[in-house]
Amino acid sequence: SRRHKLYREELNLTSPAAPLSLRPEASWLQFHLGISRDGLYPRSSPAVNRLLRDMQDFTTVSADYSQDEKALLGACDCSQIVKPSGVHLKLVLRFQDFGKAMFKPMRQKRDEETPEDFFYFVDFQRHNAEIAAFHLDRILDFRRVPPTVGRLINVTKEILEVTKNEILQSVFFVSPASNVCFFAKCPYMCKTEYAVCGNPHLLEGSLSAFLPSLNLAPRLSIPNPWIRSYSFDGKEEWEVNPLYCNTVREIYPYSNGNRLLNIVDMAIFDFLIGNMDRHHYEMFTKFGDDGFLLHLDNARGFGRHSHDETSILAPLSQCCIIKRTTLLRLQLLAEPEYRLSDVMRESLLQDRLAPVLTEPHLLALDRRLQLILKAVRKCIDTYGEAKVVANDTTQPEAPASDRVKLTT
């Protein structure tokens with residue numbers, strides 16, 4: 001801390017910085033303005049491509065803990081979620097043009113699988129899973145995952161030397177191998193054993209673009225009806241009652257509209273990436289009950305390529321409904337000339353941390369896609385296509401007034 005203070009004084013970093021003006025063409029602002037009822041960005045969005053480049057290239061101007069990690073410093077409700085929070089370090093990095101991204105450092109190597117004895121709520125958070133989830137979401141045409149990109153971060157210059165958080169400054173140290181490391185500061189299980197280290201300064205991680213602030217674009221966080229039990233024993237009702245969906249259908253807002261169909265979309269997405277940790281989902285309040293669900297926090301995906309957790313598909317298999325547009329896209333990606341693994345492989349080559357996924361994970365996508373289509377065929381054989389496949393191909397375009405508006 002003393003060395004860091006002297007460094008800042010030498011560079012005159014204690015003096016107030018000149019005020020910055022918000023440029024209308026800034027990629028972060030253009031991304032926010034492009035959010036609509038249909039998704040976080042249009043299908044062909046130059047703003048998103050610029051945003052991905054900016055997150056890779058722009059200089060970091062400040063670093064801090066995320067809000068939920070700050071909350072852990074003051075309270076820890078271990079009865080709700082049993083997890084060693086020290087291994088889930090993430091930081092908020094700020095860039096020029098008022099850009100802001102969530103940084104998740106590398107915790108697990110590409111070729112490592114999650115141990116089969118791990119519960120989903122103690123699993124690692126993988127930076128490459130966040131990157132791959134964004135690409136998969138875009139390929140599926142959901143457009144519900146914020147733009148995410150991989151980057152090598154110099155933890156000394158781009159975190160330690162720009163942060164004003166004294167707690168964050170205090171958790172940096174140099175390892176016996178002369179690598180610069182840091183760890184999470186929280187009430188329990190936060191030790192140097194759970195630190196992340198540069199090589200000696202460079203550390204790879206994912207950067208996910210922030211959404212508009214809650215003041216400008218309010219969001220709701222809603223419990224997933226198919227939430228899992230976050231304890232070492234016990235099961236939720238959906239795990240023991242095959243007719244559970246009948247109960248869900250009687251509850252607002254799942255009794256009408258697109259909400260249940262959007263839940264099925266989310267389950268399909270989570271099954272493909274192997275994410276069992278979808279305890280909540282978020283929605284923009286502006287778009288009402290039929291707005292899209294945000295697919296946030298995907299770092300627990302792509303943990304085990306050798307196992308397909310079919311329980312994640314419970315919303316599809318129990319409710320037996322799916323959007324026609326979703327089904328058509330899945331069927332297309334099952335065709336040999338548009339095979340999902342091939343499309344993902346090509347898309348992920350755009351990221352600077354490529355290869356983002358190992359080959360077994362890519363091939364697992366094809367296998368899981370076939371399991372999804374098999375579940376849909378089983379539903380159609382039982383109830384008929386008219387009841388299973390919901391026609392959402394004739395929805396009118398969202399009016400301009402439905403776009404997120406940012407005011408100064």
# chains A, B, ... in the order shown; residues from 1 in each chain; ligands from 1

$ residues_around --residues "stretch 92-94 of chain A" --least-positions-apart "3" --cutoff "10 Å" --atoms "only C-alpha atoms" --output "VMD selection string"
chain A and resid 55 58 to 67 97 to 104 158 to 159 162 to 163 207 to 210

$ residues_around --residues "stretch 385-389 of chain A" --least-positions-apart "3" --cutoff "9 Å" --atoms "only C-alpha atoms" --output "CSV table (one decimal) with C-alpha atoms, in the first residue's frame"
chain,number,residue,atom,x,y,z
A,319,CYS,CA,-44.0,-28.2,-20.5
A,320,CYS,CA,-43.5,-29.5,-24.1
A,321,ILE,CA,-43.5,-26.1,-25.8
A,322,ILE,CA,-41.0,-24.4,-27.9
A,323,LYS,CA,-40.9,-21.3,-30.2
A,324,ARG,CA,-41.0,-22.1,-33.9
A,327,LEU,CA,-36.8,-24.9,-33.3
A,376,VAL,CA,-39.0,-32.0,-29.0
A,377,ARG,CA,-39.9,-35.0,-31.2
A,379,CYS,CA,-43.3,-34.0,-27.2
A,380,ILE,CA,-44.7,-33.7,-30.7
A,381,ASP,CA,-45.4,-37.4,-30.8

$ select_by_dssp --residues "stretch 46-245 of chain A" --states "alpha helix (DSSP H)" --output "number ranges by chain"
A: 46-57, 67-74, 127-139, 166-170, 237-240, 244-245

$ atom_distance --atom1 "atom CA of A:Ala299" --atom2 "atom CA of A:Ser347"
18.5 Å

$ residues_around --residues "stretch 361-374 of chain A" --least-positions-apart "4" --cutoff "6 Å" --atoms "only C-alpha atoms" --output "mmCIF file with N, CA and C atoms, in the first residue's frame"
data_model
loop_
_atom_site.group_PDB
_atom_site.id
_atom_site.type_symbol
_atom_site.label_atom_id
_atom_site.label_comp_id
_atom_site.auth_asym_id
_atom_site.auth_seq_id
_atom_site.Cartn_x
_atom_site.Cartn_y
_atom_site.Cartn_z
ATOM 1 N N LEU A 272 -27.113 -26.558 -23.457
ATOM 2 C CA LEU A 272 -26.017 -26.618 -24.419
ATOM 3 C C LEU A 272 -24.674 -26.278 -23.774
ATOM 4 N N HIS A 305 -17.479 -31.631 -20.522
ATOM 5 C CA HIS A 305 -17.887 -32.007 -21.875
ATOM 6 C C HIS A 305 -18.318 -33.464 -21.951
ATOM 7 N N SER A 341 -21.080 -27.170 -33.987
ATOM 8 C CA SER A 341 -19.680 -27.145 -33.554
ATOM 9 C C SER A 341 -18.808 -26.401 -34.553
#

$ residues_around --residues "stretch 240-244 of chain A" --least-positions-apart "3" --cutoff "10 Å" --atoms "only C-alpha atoms" --output "ChimeraX atom specification"
/A:225-226,235-237,247-249,314-315,317-319

$ closest_residue --among "A:Ser44, A:Thr326, A:Ser311, A:Ser221" --to "A:Glu239" --atoms "only C-alpha atoms"
A:Ser311

$ closest_residue --among "A:Arg110, A:Arg23, A:Arg300, A:Arg43" --to "A:Glu359" --atoms "only C-alpha atoms"
A:Arg110

$ residues_around --residues "A:Phe302" --least-positions-apart "6" --cutoff "8 Å" --atoms "only C-alpha atoms" --output "mmCIF file with N, CA and C atoms, in the first residue's frame"
data_model
loop_
_atom_site.group_PDB
_atom_site.id
_atom_site.type_symbol
_atom_site.label_atom_id
_atom_site.label_comp_id
_atom_site.auth_asym_id
_atom_site.auth_seq_id
_atom_site.Cartn_x
_atom_site.Cartn_y
_atom_site.Cartn_z
ATOM 1 N N ALA A 129 -15.845 -19.683 -20.494
ATOM 2 C CA ALA A 129 -17.273 -20.010 -20.603
ATOM 3 C C ALA A 129 -18.081 -18.747 -20.886
ATOM 4 N N ILE A 273 -24.652 -25.316 -22.853
ATOM 5 C CA ILE A 273 -23.385 -24.944 -22.214
ATOM 6 C C ILE A 273 -23.145 -25.718 -20.920
ATOM 7 N N GLY A 274 -24.146 -26.481 -20.458
ATOM 8 C CA GLY A 274 -23.986 -27.261 -19.244
ATOM 9 C C GLY A 274 -24.069 -26.455 -17.968
ATOM 10 N N ASN A 275 -24.859 -25.378 -17.978
ATOM 11 C CA ASN A 275 -24.979 -24.493 -16.810
ATOM 12 C C ASN A 275 -26.153 -24.917 -15.932
ATOM 13 N N HIS A 361 -15.401 -30.009 -26.032
ATOM 14 C CA HIS A 361 -16.535 -29.141 -25.689
ATOM 15 C C HIS A 361 -17.330 -28.765 -26.937
#

$ atom_distance --atom1 "atom CA of A:Leu333" --atom2 "atom CA of A:Ile139"
9.1 Å

$ atom_distance --atom1 "atom CA of A:Gly288" --atom2 "atom CA of A:Arg37"
9.2 Å

$ select_by_dssp --residues "stretch 153-304 of chain A" --states "strand (DSSP E)" --output "NGL selection string"
:A and (153-154 or 172-174 or 180-182 or 196-197 or 202-209 or 219-223 or 280-284)
